[in-house]
Amino acid sequence: KFTRGLLYANWFALLCYYILALTSSLMSAFYFSGPTCFWEWGLIAVACLVPFAQLRTFHAMSFLAMLSTLAIIAAVAIIAAAFITGTTTETYSPATLSVPPQSFLSGYTNIANIIFAFQGQSEFYEMMGEMKNPKKFPLSLGVAQIVMVVMYLFTAVLAYHYGGADVNGFVLYSLPTNRLRTVCALLIAIHIVVAYIITGQPLTYKLHQAMSPRTLHASGAKSALVHLGTTLMILIVGYVVANVIPFFSDMQGIIAALAASAIVFFYPSYFYMSSAKRAGDWAGVPIYEKIYIYFVLVFVFPFCFGVGLAAAIDGIVTSWSGAGQPFACIVSSQL
């Protein structure tokens, strides 16, 4: 029950993060609209998500997933062109291999962001469950992971090399304020909308099942209304959370510490060890695997959880010290 609850909490936290990210993308896209507040753009972001959140299966979302892939590739191309041509807006501090002066907790935040980025396995079973041929999942997973690693590394290394040490954590804010920035931000917004509905599908399914199991797989107005109510409930609570923690990197850090550290490090090692012992095969597991498993369970997971949570809380306190209070009129320059 605890594991199930942790997965549900992780999915919900990711939805809050996507609301935050979509809000930031819209603020970046429509920079010319004046000093509109974060909470106002957040309402627009929620309104944009409502119709797309009514899709109820991964199959129905699969066509949008292709659009999302094309959108993020195009956005990365625009970002790369902006950095290479030197038209970004940050004050340039040359990139360096040396670690800049910073506190331990501040430095750990960067590690937490990496952990956050690679915790998608929490939805793998749901995706396999809707595949026509689940045996092809390892192939699709391998291709997806390779593409992700290349895109993540390419974007981060290029932005740091050309943008310098002071490049904005939400890279859109480092782009010049022109039409290309608007196009790029809208492309990323499309990607975020699709990421939201894919991540939210299993959580919405489980909540719908808990509230009205008879309408879960039914068609008609009643089933649609229950699903609408479920998605609206998630969006409203997520909107509140996104305004309590409206800072991109800090939200990543909280999710990485509270959920991703367990999903990435604890559960794979623990389940492997438990299943091997239950099957009577633990004695045959190579010693180096046992050492690795115990190292992850005893040191890596507690370290990432404890230090990551402390770093995230420290970052939120620091961010809020210069931005006022939740639901205050925060503009893009403060994020």
# chains A, B, ... in the order shown; residues from 1 in each chain; ligands from 1

call {"tool": "select_by_dssp", "arguments": {"residues": "stretch 37-252 of chain A", "states": "alpha helix (DSSP H)", "output": "PyMOL selection string"}}
result
chain A and resi 38-52+58-84+104-117+124-129+137-163+179-211+221-244+248-252

call {"tool": "closest_atom_pairs", "arguments": {"of": "stretch 214-329 of chain A", "to": "stretch 31-45 of chain A", "cutoff": "10 Å", "atoms": "only C-alpha atoms", "output": "CSV"}}
result
residue,atom,partner,partner_atom,distance
A:Leu235,CA,A:Ala45,CA,9.8
A:Ile236,CA,A:Leu43,CA,9.2
A:Tyr239,CA,A:Gly42,CA,6.8
A:Val240,CA,A:Trp39,CA,9.1
A:Ala242,CA,A:Gly42,CA,8.2
A:Asn243,CA,A:Trp39,CA,6.5
A:Pro246,CA,A:Phe38,CA,8.0
A:Pro326,CA,A:Trp39,CA,9.1
A:Phe327,CA,A:Trp39,CA,6.0
A:Ala328,CA,A:Trp39,CA,7.8
A:Cys329,CA,A:Cys37,CA,4.7

call {"tool": "closest_residue", "arguments": {"among": "A:Ala311, A:Met233, A:Ile254, A:Val183", "to": "A:Ser25", "atoms": "only C-alpha atoms"}}
result
A:Val183

call {"tool": "closest_residue", "arguments": {"among": "A:Val193, A:Ala80, A:Ala13, A:Ala310", "to": "A:Val171", "atoms": "only C-alpha atoms"}}
result
A:Ala80

call {"tool": "atom_distance", "arguments": {"atom1": "atom CA of A:Leu258", "atom2": "atom CA of A:Pro202"}}
result
19.4 Å

call {"tool": "residues_around", "arguments": {"residues": "stretch 129-145 of chain A", "least_positions_apart": "6", "cutoff": "10 Å", "atoms": "only C-alpha atoms", "output": "PyMOL selection string"}}
result
chain A and resi 57-59+118+121+151

call {"tool": "residues_around", "arguments": {"residues": "A:Met273", "least_positions_apart": "6", "cutoff": "9 Å", "atoms": "only C-alpha atoms", "output": "MDAnalysis selection string"}}
result
chainID A and resid 282 290 293

call {"tool": "write_last_selection", "arguments": {"atoms": "N, CA and C atoms", "output": "compact mmCIF listing (two decimals), in the first residue's frame"}}
result
# COMPACT_ATOMS: atom_id res chain seq x y z
N TRP A 282 19.00 -16.36 -3.93
CA TRP A 282 19.87 -15.31 -3.40
C TRP A 282 21.32 -15.79 -3.22
N LYS A 290 25.54 -8.26 -4.90
CA LYS A 290 25.08 -8.08 -3.52
C LYS A 290 25.67 -6.82 -2.90
N ILE A 293 23.86 -3.85 -4.34
CA ILE A 293 22.50 -3.74 -3.81
C ILE A 293 22.52 -3.16 -2.40

call {"tool": "closest_residue", "arguments": {"among": "A:Ala256, A:Leu55, A:Ala224, A:Ala95", "to": "A:Val167", "atoms": "only C-alpha atoms"}}
result
A:Ala95

call {"tool": "residues_around", "arguments": {"residues": "A:Ala60", "least_positions_apart": "5", "cutoff": "12 Å", "atoms": "only C-alpha atoms", "output": "NGL selection string"}}
result
:A and (52-55 or 65-66 or 130 or 194 or 197-198 or 201)

call {"tool": "residues_around", "arguments": {"residues": "stretch 99-109 of chain A", "least_positions_apart": "3", "cutoff": "10 Å", "atoms": "only C-alpha atoms", "output": "PyMOL selection string"}}
result
chain A and resi 96+112-115+165+249-250+252-254+256-257+304+307-315

call {"tool": "write_last_selection", "arguments": {"atoms": "C-alpha atoms", "output": "CSV table (one decimal), in the first residue's frame"}}
result
chain,number,residue,atom,x,y,z
A,96,THR,CA,34.6,26.2,-17.0
A,112,ALA,CA,18.8,15.9,-8.0
A,113,ASN,CA,17.8,17.2,-11.4
A,114,ILE,CA,19.5,14.3,-13.1
A,115,ILE,CA,17.7,11.8,-10.8
A,165,ALA,CA,27.7,29.5,-16.3
A,249,SER,CA,14.5,23.7,-10.2
A,250,ASP,CA,13.1,23.6,-6.7
A,252,GLN,CA,12.3,19.2,-9.5
A,253,GLY,CA,14.3,18.8,-6.3
A,254,ILE,CA,11.3,18.1,-4.1
A,256,ALA,CA,13.5,13.9,-6.9
A,257,ALA,CA,14.0,13.6,-3.1
A,304,CYS,CA,19.6,11.1,-2.0
A,307,VAL,CA,20.2,15.5,1.4
A,308,GLY,CA,17.9,16.0,-1.6
A,309,LEU,CA,15.0,17.0,0.6
A,310,ALA,CA,17.2,19.4,2.6
A,311,ALA,CA,18.6,20.9,-0.6
A,312,ALA,CA,15.1,21.4,-2.1
A,313,ILE,CA,13.7,23.0,1.1
A,314,ASP,CA,16.8,25.3,1.3
A,315,GLY,CA,16.3,26.2,-2.4

call {"tool": "residues_around", "arguments": {"residues": "A:Leu14", "least_positions_apart": "6", "cutoff": "8 Å", "atoms": "only C-alpha atoms", "output": "list of chain:residue names"}}
result
A:Tyr196, A:Thr199, A:Ile255

call {"tool": "closest_residue", "arguments": {"among": "A:Phe266, A:Phe124, A:Phe63, A:Tyr160", "to": "A:Phe299", "atoms": "only C-alpha atoms"}}
result
A:Phe266

call {"tool": "atom_distance", "arguments": {"atom1": "atom CA of A:Ala71", "atom2": "atom CA of A:Thr182"}}
result
13.2 Å

call {"tool": "closest_residue", "arguments": {"among": "A:Val244, A:Ala81, A:Leu203, A:Cys48", "to": "A:Ile190", "atoms": "only C-alpha atoms"}}
result
A:Cys48

call {"tool": "atom_distance", "arguments": {"atom1": "atom CA of A:Met211", "atom2": "atom CA of A:Val241"}}
result
22.8 Å

call {"tool": "closest_residue", "arguments": {"among": "A:Lys1, A:Arg56, A:His208, A:His161", "to": "A:Val226", "atoms": "only C-alpha atoms"}}
result
A:His208

call {"tool": "decode", "arguments": {"residues": "stretch 72-85 of chain A", "atoms": "N, CA and C atoms", "output": "PDB file, in the first residue's frame"}}
result
ATOM      1  N   ILE A  72       9.376  19.002 -29.607  1.00  0.00           N
ATOM      2  CA  ILE A  72      10.555  19.209 -28.768  1.00  0.00           C
ATOM      3  C   ILE A  72      11.830  19.197 -29.604  1.00  0.00           C
ATOM      4  N   ILE A  73      11.861  18.407 -30.686  1.00  0.00           N
ATOM      5  CA  ILE A  73      13.031  18.424 -31.575  1.00  0.00           C
ATOM      6  C   ILE A  73      13.174  19.792 -32.229  1.00  0.00           C
ATOM      7  N   ALA A  74      12.063  20.345 -32.697  1.00  0.00           N
ATOM      8  CA  ALA A  74      12.095  21.672 -33.318  1.00  0.00           C
ATOM      9  C   ALA A  74      12.499  22.734 -32.304  1.00  0.00           C
ATOM     10  N   ALA A  75      11.993  22.621 -31.073  1.00  0.00           N
ATOM     11  CA  ALA A  75      12.335  23.593 -30.027  1.00  0.00           C
ATOM     12  C   ALA A  75      13.819  23.547 -29.693  1.00  0.00           C
ATOM     13  N   VAL A  76      14.371  22.343 -29.578  1.00  0.00           N
ATOM     14  CA  VAL A  76      15.804  22.205 -29.285  1.00  0.00           C
ATOM     15  C   VAL A  76      16.638  22.799 -30.419  1.00  0.00           C
ATOM     16  N   ALA A  77      16.184  22.620 -31.654  1.00  0.00           N
ATOM     17  CA  ALA A  77      16.908  23.198 -32.796  1.00  0.00           C
ATOM     18  C   ALA A  77      16.937  24.723 -32.703  1.00  0.00           C
ATOM     19  N   ILE A  78      15.816  25.332 -32.329  1.00  0.00           N
ATOM     20  CA  ILE A  78      15.763  26.787 -32.182  1.00  0.00           C
ATOM     21  C   ILE A  78      16.664  27.255 -31.044  1.00  0.00           C
ATOM     22  N   ILE A  79      16.609  26.526 -29.918  1.00  0.00           N
ATOM     23  CA  ILE A  79      17.461  26.870 -28.773  1.00  0.00           C
ATOM     24  C   ILE A  79      18.937  26.776 -29.161  1.00  0.00           C
ATOM     25  N   ALA A  80      19.291  25.708 -29.865  1.00  0.00           N
ATOM     26  CA  ALA A  80      20.679  25.535 -30.296  1.00  0.00           C
ATOM     27  C   ALA A  80      21.114  26.682 -31.203  1.00  0.00           C
ATOM     28  N   ALA A  81      20.257  27.058 -32.149  1.00  0.00           N
ATOM     29  CA  ALA A  81      20.599  28.148 -33.068  1.00  0.00           C
ATOM     30  C   ALA A  81      20.793  29.459 -32.312  1.00  0.00           C
ATOM     31  N   ALA A  82      19.937  29.702 -31.298  1.00  0.00           N
ATOM     32  CA  ALA A  82      20.039  30.941 -30.527  1.00  0.00           C
ATOM     33  C   ALA A  82      21.353  31.011 -29.757  1.00  0.00           C
ATOM     34  N   PHE A  83      21.753  29.890 -29.168  1.00  0.00           N
ATOM     35  CA  PHE A  83      23.003  29.887 -28.401  1.00  0.00           C
ATOM     36  C   PHE A  83      24.228  29.963 -29.314  1.00  0.00           C
ATOM     37  N   ILE A  84      24.211  29.220 -30.394  1.00  0.00           N
ATOM     38  CA  ILE A  84      25.372  29.190 -31.280  1.00  0.00           C
ATOM     39  C   ILE A  84      25.607  30.551 -31.935  1.00  0.00           C
ATOM     40  N   THR A  85      24.531  31.248 -32.290  1.00  0.00           N
ATOM     41  CA  THR A  85      24.671  32.559 -32.927  1.00  0.00           C
ATOM     42  C   THR A  85      24.906  33.673 -31.911  1.00  0.00           C
TER      43      THR A  85
END
